[in-house]
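Some notes on the structure that comes next.
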2 protein chains.
Amino acid sequence: MTTFSPTLDFAKKLDAQDPLASFRDLFLLPDPNLIYLDGNSLGVLPRAAQAKAREVVDEQWGRDLIRGWNKGWWEAPVRVGDKIGNIIGASAGQTIVTDSVSLNLFKLATAALTLQPNKKRIVTDTFNFPSDLYILQGIKQLLFSSPDSGRGVRGEGEIIRIGASDNDITPDLSALESAINENTALVTLSHVVFKSGYIYDMQRITELAHAKGALVLWDLSHSVGSVPIELDKCNADFAIGCTYKYLNGGPGAPAFLYVNQKIQNKLSSPIWGWWGQKNPFGFGLEYEPADGARRFLAGTQPMLSMLIMEAGIEPTLKAGMPALREKSVLMTDYAIYLTEQVLAKYGFTVGSPIDSNRRGSHVSIRHAEGYRINRALIEEMNVIPDFREPDNLRLGFTPLYLSFAEVWEGFDRIRRVMEEKKYENYPKQKLTVT
Amino acid sequence: MTTFSPTLDFAKKLDAQDPLASFRDLFLLPDPNLIYLDGNSLGVLPRAAQAKAREVVDEQWGRDLIRGWNKGWWEAPVRVGDKIGNIIGASAGQTIVTDSVSLNLFKLATAALTLQPNKKRIVTDTFNFPSDLYILQGIKQLLFSSPDSGRGVRGEGEIIRIGASDNDITPDLSALESAINENTALVTLSHVVFKSGYIYDMQRITELAHAKGALVLWDLSHSVGSVPIELDKCNADFAIGCTYKYLNGGPGAPAFLYVNQKIQNKLSSPIWGWWGQKNPFGFGLEYEPADGARRFLAGTQPMLSMLIMEAGIEPTLKAGMPALREKSVLMTDYAIYLTEQVLAKYGFTVGSPIDSNRRGSHVSIRHAEGYRINRALIEEMNVIPDFREPDNLRLGFTPLYLSFAEVWEGFDRIRRVMEEKKYENYPKQKLTVT
């Protein structure tokens, strides 16, 4: 590990040695004084995406009109999917850009359950996105709510959710291993968990699941573009993920899904959409699924969002995951160092794995006043982190456009909030009403 | 009916009297010589949408970054939904903009079937979009494929598809009426059918269905923005529709759904998404549906496409449906007149209802060489219609931006294709490979 120093000069030295430093110029950063530590929620605007937006609206929609469908729109989900495949270790023909993460989880998890109708267990954990848990609960209701259920799925289903307390940073892997049994149809986890940033060992968990005959679905939303992913090499069955975080695809940009080619043609999407039909322009009245992952397309895709996103992922493709990961690790190591050197005395603790092999590109730092500190940073200090219950100030470090000097400055502003007790200007967190 | 004349001067006279003539200036029409008769497939680019695209990308994404979610993004599905509600006769709180037509049909039709689990019949027709039929077939497979099926839905389901031959312009209403029985859970039809442009009597069919205890779902894709719709007044249960045709929302712009407030809270979406969760920012681990139509939201929405679409529908809102309908009827009446006066001698017949009360805003004209004529028009004559099997040249008349002189010119160019036998330059239609 690099020997760090808590000075701005040292941070500037890291910038001087940063091989990705020039990538910052590929983005439109709105305010040189803003310290944006939320690129893990919404990436900033790439210049290429801005230019593409002009082209797509003015030229493609405005001039090509309906002809645009034959000039690259129709093929976009597959074309852009393969580009994302390059980032997640997936060879061509397995990754499709479409719909949202929630919808893609619904399609793939339902397909997994109906492929093995005699298996009734889904295994996941409380580190998973709540949004993913909701989708699984809905599938359980849809497929298993009566004693004898649809598509040959028989009997009561169960979702086993490996528990973790609010204080846990890493999951209980032995509990996970025990939960995966011969009755398990699907294991689904968030590859990098949204709160602590813990990275699951994809290869190991996939092997564990396969040993019991279960399929595995990885949510890559917090890992795509931030940590190396090898779906093919790990022999993963399914993956889903979003493109608006580290990939800089724009607010709500279409999500992606991955289906291992070994199982694609055994699966049926629950949503028989015309974009997933074998011959969509034949206007036949009977559905027949397209070959391959394409059968998981449903309806017409939002082309403006999709094509702008396609341009937005260019910097990631250009930098490549090895260089991004190297800078990301250095940056999060430095952030942990600064937490310990500068902020520990104000009561902060590190809420992310210390071992960088198990840590994504965000670092949670914990403080009992985390909620009010987050507000003070946003409202007074021109720093944007985010807050996650119960006490996590979550700091996203995006290697494409963040400098080490900004990381240093971000921590210095947190220090000033603590030193001057600025958070006391804000009310305590309201209890969430459910 | 207006007494028409087949001269350009007469068409120009109609333009001089057109109260919507100035609306053309609200759009960016790429080529003054292009006769665009495919606005019923993809509407042209409104100036307001172009300006909004700049603002959404540069200001909202580029400057507001994550803060955009609190500045109008999160509420967009409901806000834009209510605007579309104004166009379809729906009071506030019943219309939501989200996902695609296919996905919205999946959500609503599944909810309708599981609300009345003892009813096993879906009634539709062969005039419906094939894409809608595919979704229904998938639902049948998902819910009814085993003798005892999910969610309490029991026994074999059936889809009754009222047949129509390729020559039919209007449906067999008595067959439809007979098919709706006490075992019918859902009647779903395209309000304006995509081939002939026939308009179903929404009030009458809805009453027929309700009399047997069935729910009704209308696909408004070909009627929204082109014919008046009164969902509340007709007491419709559900509607879906797209925004990229007459509403000028842009390629693949998000679709909408309508759920009558009388039944909203009795229904459960099959897709339990976090945008449809009661308290999405509570990060609770158990799903609870939001009140109202909002529960049919699933995952994160493509904001760029959605907000650009919001601006795109402005001209429709400004013109209002009565004025749009008046011009549309005059235009399609004129088109039918020109078909009879100018084109009948070349073998064309009218493939749409003659009665304007039963006709949407497109007119199909039929010719055995329709496929080759369509190609000649596009490739040599700078006219863009489209072709629908077996012999329909489908001409879309968009009252917001099309002039009567353009309608006249379009027919004159078709006349020249016939007179000079230009279509003979093109190969006969290939058989579609399925």
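Each chain of the structure tokens is named A, B, ... in the order shown, its residues numbered from 1; ligands are numbered from 1 in display order.
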After a least-squares superposition on chain A over all sequentially paired C-alpha atoms, what is chain B as a short mmCIF file (atom, residue, chain, number, x, y, z; two decimals) with C-alpha atoms, in the first residue's frame?
data_model
loop_
_atom_site.label_atom_id
_atom_site.label_comp_id
_atom_site.auth_asym_id
_atom_site.auth_seq_id
_atom_site.Cartn_x
_atom_site.Cartn_y
_atom_site.Cartn_z
CA MET B 1 -0.01 -0.01 0.02
CA THR B 2 1.12 3.52 -0.76
CA THR B 3 2.42 5.48 2.21
CA PHE B 4 -0.06 8.30 2.51
CA SER B 5 0.16 11.75 4.02
CA PRO B 6 -2.85 13.87 5.10
CA THR B 7 -1.76 17.02 3.26
CA LEU B 8 -3.15 18.71 0.18
CA ASP B 9 0.33 18.70 -1.34
CA PHE B 10 0.45 14.95 -1.05
CA ALA B 11 -2.97 14.63 -2.72
CA LYS B 12 -1.74 16.82 -5.54
CA LYS B 13 1.26 14.54 -5.92
CA LEU B 14 -1.10 11.60 -6.37
CA ASP B 15 -2.91 13.59 -9.05
CA ALA B 16 0.36 14.32 -10.84
CA GLN B 17 1.01 10.58 -11.04
CA ASP B 18 -2.55 9.66 -12.06
CA PRO B 19 -2.61 8.03 -15.53
CA LEU B 20 -6.36 8.76 -15.75
CA ALA B 21 -6.04 12.45 -14.85
CA SER B 22 -6.87 13.59 -18.37
CA PHE B 23 -10.19 11.70 -18.35
CA ARG B 24 -11.65 14.47 -16.25
CA ASP B 25 -11.72 16.61 -19.39
CA LEU B 26 -14.21 14.20 -20.95
CA PHE B 27 -16.86 15.43 -18.52
CA LEU B 28 -18.76 18.65 -17.94
CA LEU B 29 -18.25 19.39 -14.27
CA PRO B 30 -20.62 22.19 -13.37
CA ASP B 31 -18.83 23.92 -10.53
CA PRO B 32 -15.10 23.74 -9.80
CA ASN B 33 -15.84 24.21 -6.12
CA LEU B 34 -18.34 21.34 -5.85
CA ILE B 35 -17.03 18.12 -4.33
CA TYR B 36 -19.30 15.52 -5.89
CA LEU B 37 -19.11 12.25 -3.98
CA ASP B 38 -22.34 10.82 -5.33
CA GLY B 39 -21.24 9.53 -8.72
CA ASN B 40 -22.21 6.10 -7.39
CA SER B 41 -25.82 7.34 -7.43
CA LEU B 42 -25.80 9.50 -10.57
CA GLY B 43 -22.71 9.91 -12.72
CA VAL B 44 -21.89 13.35 -14.11
CA LEU B 45 -22.50 14.46 -17.71
CA PRO B 46 -19.94 13.24 -20.26
CA ARG B 47 -19.22 15.66 -23.10
CA ALA B 48 -19.86 12.82 -25.55
CA ALA B 49 -23.35 12.33 -24.11
CA GLN B 50 -24.12 16.02 -24.43
CA ALA B 51 -23.05 16.00 -28.08
CA LYS B 52 -24.97 12.79 -28.72
CA ALA B 53 -28.13 14.31 -27.23
CA ARG B 54 -27.95 17.09 -29.82
CA GLU B 55 -27.43 14.61 -32.63
CA VAL B 56 -30.10 12.16 -31.53
CA VAL B 57 -32.75 14.85 -31.11
CA ASP B 58 -31.92 17.17 -34.01
CA GLU B 59 -30.64 14.74 -36.62
CA GLN B 60 -31.97 11.30 -35.80
CA TRP B 61 -35.43 12.17 -34.57
CA GLY B 62 -35.78 15.53 -36.33
CA ARG B 63 -34.48 14.54 -39.77
CA ASP B 64 -34.53 10.77 -40.06
CA LEU B 65 -37.98 10.52 -38.45
CA ILE B 66 -39.40 7.00 -38.77
CA ARG B 67 -36.35 5.97 -40.84
CA GLY B 68 -34.29 6.14 -37.66
CA TRP B 69 -35.53 2.68 -36.74
CA ASN B 70 -33.56 1.27 -39.67
CA LYS B 71 -30.51 3.38 -38.91
CA GLY B 72 -29.44 1.94 -35.60
CA TRP B 73 -32.40 2.34 -33.23
CA TRP B 74 -33.83 -1.13 -33.54
CA GLU B 75 -30.48 -2.82 -32.91
CA ALA B 76 -29.50 -0.53 -30.03
CA PRO B 77 -30.41 -2.91 -27.15
CA VAL B 78 -28.11 -5.58 -28.57
CA ARG B 79 -25.39 -3.23 -29.79
CA VAL B 80 -25.12 -1.30 -26.53
CA GLY B 81 -25.54 -4.54 -24.60
CA ASP B 82 -22.43 -5.95 -26.20
CA LYS B 83 -20.49 -2.80 -25.32
CA ILE B 84 -21.49 -3.25 -21.69
CA GLY B 85 -20.57 -6.91 -22.08
CA ASN B 86 -16.98 -5.71 -22.57
CA ILE B 87 -17.11 -4.10 -19.13
CA ILE B 88 -18.59 -7.07 -17.29
CA GLY B 89 -16.63 -9.94 -18.81
CA ALA B 90 -19.40 -11.16 -21.10
CA SER B 91 -18.74 -12.28 -24.67
CA ALA B 92 -21.15 -11.04 -27.34
CA GLY B 93 -24.79 -12.06 -27.49
CA GLN B 94 -25.44 -12.33 -23.76
CA THR B 95 -26.02 -8.75 -22.64
CA ILE B 96 -29.05 -6.67 -23.59
CA VAL B 97 -29.83 -3.08 -22.66
CA THR B 98 -33.48 -2.67 -21.79
CA ASP B 99 -36.06 -1.47 -19.27
CA SER B 100 -35.11 -0.98 -15.62
CA VAL B 101 -33.19 -3.06 -13.08
CA SER B 102 -36.44 -3.98 -11.32
CA LEU B 103 -38.12 -5.13 -14.53
CA ASN B 104 -35.08 -7.11 -15.59
CA LEU B 105 -34.93 -8.81 -12.20
CA PHE B 106 -38.62 -9.66 -12.52
CA LYS B 107 -38.12 -11.21 -15.95
CA LEU B 108 -35.00 -13.20 -15.12
CA ALA B 109 -35.95 -14.38 -11.63
CA THR B 110 -39.37 -15.51 -12.85
CA ALA B 111 -37.72 -17.36 -15.72
CA ALA B 112 -35.30 -19.03 -13.30
CA LEU B 113 -38.12 -20.17 -11.01
CA THR B 114 -40.24 -21.56 -13.79
CA LEU B 115 -37.25 -23.39 -15.28
CA GLN B 116 -36.95 -25.48 -12.12
CA PRO B 117 -40.56 -25.60 -10.92
CA ASN B 118 -39.96 -28.15 -8.20
CA LYS B 119 -37.50 -25.93 -6.37
CA LYS B 120 -39.19 -23.42 -4.15
CA ARG B 121 -36.49 -21.46 -2.38
CA ILE B 122 -34.94 -18.10 -3.26
CA VAL B 123 -31.85 -17.15 -1.26
CA THR B 124 -30.82 -13.53 -0.85
CA ASP B 125 -29.69 -11.23 1.96
CA THR B 126 -30.55 -8.03 3.77
CA PHE B 127 -27.52 -6.35 2.14
CA ASN B 128 -29.39 -6.48 -1.15
CA PHE B 129 -31.19 -3.40 -2.51
CA PRO B 130 -34.65 -3.21 -0.90
CA SER B 131 -35.94 -2.66 -4.43
CA ASP B 132 -34.67 -6.12 -5.42
CA LEU B 133 -36.26 -7.68 -2.34
CA TYR B 134 -39.63 -6.15 -3.27
CA ILE B 135 -39.49 -7.69 -6.74
CA LEU B 136 -38.72 -11.11 -5.26
CA GLN B 137 -41.63 -10.76 -2.82
CA GLY B 138 -43.94 -9.96 -5.72
CA ILE B 139 -42.75 -13.01 -7.65
CA LYS B 140 -43.37 -15.18 -4.62
CA GLN B 141 -46.91 -13.83 -4.41
CA LEU B 142 -47.47 -14.32 -8.15
CA LEU B 143 -46.10 -17.84 -8.48
CA PHE B 144 -46.53 -19.40 -5.09
CA SER B 145 -49.53 -17.88 -3.39
CA SER B 146 -51.83 -20.85 -3.77
CA PRO B 147 -50.96 -24.36 -2.60
CA ASP B 148 -50.67 -25.44 -6.22
CA SER B 149 -49.29 -22.65 -8.29
CA GLY B 150 -48.80 -21.52 -11.87
CA ARG B 151 -46.44 -22.82 -14.54
CA GLY B 152 -46.11 -26.08 -12.74
CA VAL B 153 -44.50 -24.32 -9.77
CA ARG B 154 -45.84 -26.33 -6.87
CA GLY B 155 -46.39 -25.56 -3.24
CA GLU B 156 -45.38 -22.67 -1.02
CA GLY B 157 -42.34 -20.70 -2.03
CA GLU B 158 -39.90 -19.21 0.41
CA ILE B 159 -37.47 -16.35 0.35
CA ILE B 160 -34.53 -16.91 2.67
CA ARG B 161 -32.99 -13.59 3.51
CA ILE B 162 -29.65 -13.93 5.25
CA GLY B 163 -29.79 -11.37 8.00
CA ALA B 164 -27.32 -8.70 8.87
CA SER B 165 -27.60 -6.12 11.57
CA ASP B 166 -27.23 -2.43 10.90
CA ASN B 167 -23.71 -2.70 12.23
CA ASP B 168 -22.53 -5.40 9.89
CA ILE B 169 -20.12 -4.54 7.12
CA THR B 170 -19.61 -8.02 5.74
CA PRO B 171 -22.15 -10.82 5.29
CA ASP B 172 -22.32 -14.10 7.15
CA LEU B 173 -20.96 -16.36 4.44
CA SER B 174 -21.47 -19.55 6.39
CA ALA B 175 -25.16 -18.71 6.92
CA LEU B 176 -25.41 -18.04 3.22
CA GLU B 177 -23.78 -21.34 2.38
CA SER B 178 -26.12 -23.21 4.74
CA ALA B 179 -29.20 -21.56 3.26
CA ILE B 180 -28.45 -22.79 -0.26
CA ASN B 181 -29.93 -26.27 -0.39
CA GLU B 182 -31.24 -28.72 -3.00
CA ASN B 183 -34.60 -26.93 -2.90
CA THR B 184 -33.03 -23.62 -3.97
CA ALA B 185 -34.00 -22.37 -7.43
CA LEU B 186 -32.20 -19.05 -7.29
CA VAL B 187 -29.50 -17.26 -5.32
CA THR B 188 -29.55 -13.53 -5.95
CA LEU B 189 -27.25 -10.97 -4.38
CA SER B 190 -25.93 -7.51 -4.97
CA HIS B 191 -22.33 -7.95 -6.16
CA VAL B 192 -21.18 -4.77 -4.41
CA VAL B 193 -23.58 -4.06 -1.58
CA PHE B 194 -25.03 -0.59 -1.54
CA LYS B 195 -24.34 0.32 2.07
CA SER B 196 -20.89 -0.90 3.06
CA GLY B 197 -19.49 -1.45 -0.42
CA TYR B 198 -18.57 -5.08 0.38
CA ILE B 199 -17.78 -7.12 -2.77
CA TYR B 200 -19.08 -10.67 -2.87
CA ASP B 201 -16.73 -13.29 -4.27
CA MET B 202 -18.69 -13.97 -7.43
CA GLN B 203 -16.76 -17.07 -8.38
CA ARG B 204 -17.06 -18.72 -5.01
CA ILE B 205 -20.76 -18.00 -4.43
CA THR B 206 -21.62 -19.06 -7.97
CA GLU B 207 -19.83 -22.36 -7.42
CA LEU B 208 -21.58 -22.89 -4.08
CA ALA B 209 -24.96 -22.35 -5.71
CA HIS B 210 -24.22 -24.53 -8.72
CA ALA B 211 -23.10 -27.34 -6.45
CA LYS B 212 -26.68 -27.46 -5.14
CA GLY B 213 -28.26 -27.05 -8.56
CA ALA B 214 -29.34 -23.43 -7.99
CA LEU B 215 -29.02 -20.65 -10.54
CA VAL B 216 -27.32 -17.38 -9.59
CA LEU B 217 -28.33 -13.82 -10.44
CA TRP B 218 -26.00 -10.91 -9.65
CA ASP B 219 -27.13 -7.32 -9.34
CA LEU B 220 -24.17 -5.34 -10.68
CA SER B 221 -25.66 -1.88 -10.16
CA HIS B 222 -23.00 -0.82 -7.69
CA SER B 223 -20.13 -2.70 -9.32
CA VAL B 224 -20.42 -2.14 -13.08
CA GLY B 225 -17.76 0.36 -14.10
CA SER B 226 -16.20 0.38 -10.66
CA VAL B 227 -14.83 -3.13 -10.04
CA PRO B 228 -13.70 -5.81 -12.49
CA ILE B 229 -16.40 -8.37 -13.27
CA GLU B 230 -15.93 -11.71 -15.04
CA LEU B 231 -19.40 -13.11 -15.64
CA ASP B 232 -18.35 -15.66 -18.26
CA LYS B 233 -15.32 -16.78 -16.31
CA CYS B 234 -17.38 -17.19 -13.12
CA ASN B 235 -20.01 -19.09 -15.11
CA ALA B 236 -22.72 -16.82 -13.69
CA ASP B 237 -26.22 -17.52 -14.92
CA PHE B 238 -27.78 -14.09 -14.81
CA ALA B 239 -26.86 -10.50 -14.09
CA ILE B 240 -28.68 -7.18 -14.07
CA GLY B 241 -27.45 -3.67 -13.50
CA CYS B 242 -28.02 -0.01 -14.06
CA THR B 243 -26.11 2.43 -16.26
CA TYR B 244 -26.68 5.72 -14.47
CA LYS B 245 -24.16 5.29 -11.66
CA TYR B 246 -20.51 4.65 -12.52
CA LEU B 247 -21.32 4.29 -16.24
CA ASN B 248 -22.59 7.90 -16.53
CA GLY B 249 -25.59 7.00 -18.66
CA GLY B 250 -27.83 9.79 -17.40
CA PRO B 251 -30.77 9.92 -14.99
CA GLY B 252 -32.82 6.73 -15.17
CA ALA B 253 -30.94 5.49 -18.24
CA PRO B 254 -32.00 2.01 -19.40
CA ALA B 255 -30.66 -0.95 -17.46
CA PHE B 256 -29.04 -4.12 -18.76
CA LEU B 257 -29.43 -7.84 -18.29
CA TYR B 258 -27.08 -10.75 -18.92
CA VAL B 259 -28.10 -14.33 -19.57
CA ASN B 260 -25.43 -17.00 -19.92
CA GLN B 261 -25.59 -18.42 -23.43
CA LYS B 262 -25.65 -21.95 -22.02
CA ILE B 263 -29.18 -21.49 -20.70
CA GLN B 264 -30.67 -18.74 -22.90
CA ASN B 265 -32.83 -20.94 -25.08
CA LYS B 266 -34.16 -23.00 -22.19
CA LEU B 267 -35.73 -19.95 -20.59
CA SER B 268 -39.01 -18.19 -21.15
CA SER B 269 -39.60 -14.56 -20.25
CA PRO B 270 -42.85 -14.03 -18.37
CA ILE B 271 -43.39 -10.95 -20.54
CA TRP B 272 -43.85 -11.98 -24.16
CA GLY B 273 -42.95 -8.73 -25.84
CA TRP B 274 -42.78 -8.01 -29.55
CA TRP B 275 -39.14 -6.89 -29.31
CA GLY B 276 -38.38 -10.40 -28.00
CA GLN B 277 -40.41 -12.10 -30.72
CA LYS B 278 -38.62 -14.18 -33.35
CA ASN B 279 -39.94 -12.24 -36.33
CA PRO B 280 -41.34 -8.97 -34.98
CA PHE B 281 -42.05 -7.45 -38.38
CA GLY B 282 -43.98 -10.44 -39.63
CA PHE B 283 -47.00 -9.19 -37.62
CA GLY B 284 -47.96 -12.81 -36.93
CA LEU B 285 -50.62 -13.31 -34.28
CA GLU B 286 -48.78 -16.02 -32.32
CA TYR B 287 -45.73 -15.29 -30.19
CA GLU B 288 -42.55 -17.22 -30.75
CA PRO B 289 -39.47 -16.27 -28.73
CA ALA B 290 -36.36 -14.95 -30.43
CA ASP B 291 -33.21 -17.00 -30.02
CA GLY B 292 -30.84 -15.96 -27.28
CA ALA B 293 -30.96 -13.21 -24.69
CA ARG B 294 -33.05 -11.06 -27.02
CA ARG B 295 -36.15 -12.95 -25.88
CA PHE B 296 -35.95 -10.92 -22.67
CA LEU B 297 -36.78 -7.73 -24.53
CA ALA B 298 -40.39 -6.67 -24.01
CA GLY B 299 -41.77 -3.47 -25.55
CA THR B 300 -40.45 -0.40 -27.34
CA GLN B 301 -37.37 1.13 -25.75
CA PRO B 302 -36.80 4.81 -24.87
CA MET B 303 -34.38 5.59 -27.66
CA LEU B 304 -33.28 9.07 -26.60
CA SER B 305 -32.27 7.85 -23.14
CA MET B 306 -30.67 4.73 -24.60
CA LEU B 307 -28.56 6.42 -27.27
CA ILE B 308 -27.40 9.21 -24.97
CA MET B 309 -26.37 6.50 -22.51
CA GLU B 310 -24.47 4.70 -25.26
CA ALA B 311 -22.29 7.80 -25.62
CA GLY B 312 -22.05 8.22 -21.85
CA ILE B 313 -20.30 4.88 -21.36
CA GLU B 314 -17.51 5.79 -23.79
CA PRO B 315 -15.07 7.08 -21.15
CA THR B 316 -15.41 3.84 -19.19
CA LEU B 317 -14.72 1.77 -22.31
CA LYS B 318 -11.75 3.96 -23.16
CA ALA B 319 -10.18 3.81 -19.71
CA GLY B 320 -10.69 0.07 -19.25
CA MET B 321 -11.43 -1.66 -15.98
CA PRO B 322 -7.83 -2.43 -14.88
CA ALA B 323 -6.82 1.25 -14.86
CA LEU B 324 -10.13 2.30 -13.29
CA ARG B 325 -9.84 -0.32 -10.58
CA GLU B 326 -6.25 0.65 -9.79
CA LYS B 327 -7.18 4.29 -9.28
CA SER B 328 -10.36 3.40 -7.42
CA VAL B 329 -8.46 1.27 -4.90
CA LEU B 330 -5.87 3.98 -4.37
CA MET B 331 -8.64 6.52 -3.85
CA THR B 332 -10.67 4.45 -1.38
CA ASP B 333 -7.49 3.45 0.47
CA TYR B 334 -6.70 7.14 0.77
CA ALA B 335 -10.24 7.87 1.94
CA ILE B 336 -9.96 5.27 4.68
CA TYR B 337 -6.57 6.70 5.65
CA LEU B 338 -8.06 10.21 5.87
CA THR B 339 -11.01 8.91 7.89
CA GLU B 340 -8.61 7.46 10.42
CA GLN B 341 -6.15 10.37 10.40
CA VAL B 342 -8.51 13.34 10.19
CA LEU B 343 -11.99 12.26 11.22
CA ALA B 344 -11.60 9.51 13.82
CA LYS B 345 -11.14 12.04 16.57
CA TYR B 346 -14.63 13.43 15.88
CA GLY B 347 -16.19 10.01 16.34
CA PHE B 348 -16.18 8.64 12.80
CA THR B 349 -15.56 4.97 12.12
CA VAL B 350 -15.07 3.20 8.80
CA GLY B 351 -18.21 1.37 7.62
CA SER B 352 -16.62 -0.39 4.66
CA PRO B 353 -14.20 -3.31 4.36
CA ILE B 354 -10.59 -2.37 5.09
CA ASP B 355 -9.39 -5.05 2.68
CA SER B 356 -9.54 -3.42 -0.74
CA ASN B 357 -10.08 -6.81 -2.39
CA ARG B 358 -13.50 -6.88 -0.76
CA ARG B 359 -14.35 -3.19 -1.26
CA GLY B 360 -16.05 -1.43 -4.17
CA SER B 361 -15.57 2.19 -5.13
CA HIS B 362 -17.53 3.80 -2.32
CA VAL B 363 -16.65 4.12 1.33
CA SER B 364 -19.18 4.53 4.11
CA ILE B 365 -18.05 6.43 7.15
CA ARG B 366 -20.20 6.16 10.22
CA HIS B 367 -21.20 8.72 12.80
CA ALA B 368 -24.17 8.98 15.17
CA GLU B 369 -24.87 12.42 13.70
CA GLY B 370 -24.45 11.16 10.11
CA TYR B 371 -27.84 12.42 9.00
CA ARG B 372 -27.23 16.00 10.15
CA ILE B 373 -23.61 16.00 8.95
CA ASN B 374 -24.81 14.99 5.49
CA ARG B 375 -27.28 17.87 5.46
CA ALA B 376 -24.66 20.39 6.55
CA LEU B 377 -22.26 19.19 3.85
CA ILE B 378 -24.89 19.58 1.13
CA GLU B 379 -26.41 22.84 2.30
CA GLU B 380 -23.36 24.74 3.52
CA MET B 381 -20.23 23.11 2.24
CA ASN B 382 -20.89 22.35 -1.45
CA VAL B 383 -20.13 18.69 -0.88
CA ILE B 384 -22.58 16.03 -2.13
CA PRO B 385 -22.29 12.65 -0.44
CA ASP B 386 -25.37 10.68 0.56
CA PHE B 387 -26.75 9.22 3.74
CA ARG B 388 -27.85 5.65 4.36
CA GLU B 389 -29.52 4.41 7.53
CA PRO B 390 -28.71 4.28 10.33
CA ASP B 391 -25.49 6.28 10.43
CA ASN B 392 -23.65 5.93 7.12
CA LEU B 393 -22.27 8.90 5.29
CA ARG B 394 -21.68 7.22 1.95
CA LEU B 395 -18.87 8.64 -0.17
CA GLY B 396 -18.63 7.57 -3.80
CA PHE B 397 -15.20 7.75 -5.44
CA THR B 398 -15.44 7.77 -9.21
CA PRO B 399 -12.01 7.26 -10.73
CA LEU B 400 -12.96 8.70 -14.13
CA TYR B 401 -13.41 12.28 -13.05
CA LEU B 402 -12.52 12.72 -9.38
CA SER B 403 -9.11 14.02 -8.36
CA PHE B 404 -7.19 13.17 -5.22
CA ALA B 405 -7.15 16.87 -4.36
CA GLU B 406 -10.93 16.78 -4.37
CA VAL B 407 -10.92 13.77 -2.08
CA TRP B 408 -8.65 15.66 0.28
CA GLU B 409 -10.85 18.75 0.08
CA GLY B 410 -13.99 16.70 0.74
CA PHE B 411 -12.50 15.31 3.94
CA ASP B 412 -11.31 18.74 4.97
CA ARG B 413 -14.82 20.11 4.60
CA ILE B 414 -16.19 17.25 6.71
CA ARG B 415 -13.53 18.14 9.29
CA ARG B 416 -14.74 21.75 9.28
CA VAL B 417 -18.36 20.67 9.75
CA MET B 418 -17.23 18.73 12.82
CA GLU B 419 -14.83 21.34 14.11
CA GLU B 420 -17.43 24.10 13.86
CA LYS B 421 -20.33 21.80 14.81
CA LYS B 422 -22.23 23.00 11.74
CA TYR B 423 -24.49 19.95 11.84
CA GLU B 424 -26.12 21.32 14.96
CA ASN B 425 -27.96 23.79 12.74
CA TYR B 426 -30.10 20.96 11.39
CA PRO B 427 -32.94 19.02 12.98
CA LYS B 428 -32.46 15.41 13.95
CA GLN B 429 -33.60 12.89 11.42
CA LYS B 430 -37.35 12.45 11.23
CA LEU B 431 -38.56 8.95 11.72
CA THR B 432 -39.60 7.63 8.36
CA VAL B 433 -43.33 7.17 8.15
CA THR B 434 -44.40 3.87 6.65
#
Filtered DSSP result for region 143-271 of chain A, state alpha helix (DSSP H), as a compact mmCIF listing (two decimals) with C-alpha atoms, in the first residue's frame:
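result01.txt, written as the output of this step:
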# COMPACT_ATOMS: atom_id res chain seq x y z
CA LEU A 143 -46.12 -17.85 -8.48
CA PHE A 144 -46.54 -19.43 -5.09
CA LEU A 173 -20.97 -16.37 4.45
CA SER A 174 -21.48 -19.57 6.39
CA ALA A 175 -25.15 -18.71 6.92
CA LEU A 176 -25.42 -18.05 3.21
CA GLU A 177 -23.79 -21.35 2.39
CA SER A 178 -26.13 -23.21 4.74
CA ALA A 179 -29.19 -21.57 3.25
CA MET A 202 -18.69 -13.98 -7.43
CA GLN A 203 -16.77 -17.06 -8.39
CA ARG A 204 -17.07 -18.73 -5.01
CA ILE A 205 -20.76 -18.00 -4.43
CA THR A 206 -21.64 -19.07 -7.96
CA GLU A 207 -19.84 -22.36 -7.41
CA LEU A 208 -21.60 -22.90 -4.08
CA ALA A 209 -24.97 -22.36 -5.73
CA HIS A 210 -24.24 -24.52 -8.73
CA ALA A 211 -23.10 -27.34 -6.45
CA LEU A 231 -19.39 -13.11 -15.63
CA ASP A 232 -18.34 -15.65 -18.25
CA LYS A 233 -15.30 -16.78 -16.30
CA CYS A 234 -17.39 -17.19 -13.12
Please return, as a VMD selection string, all residues of region 335-400 of chain A that DSSP assigns to strand (DSSP E) on the basis of the backbone.
chain A and resid 349 to 350 362 to 366 383 to 384 386 to 388 392 to 396
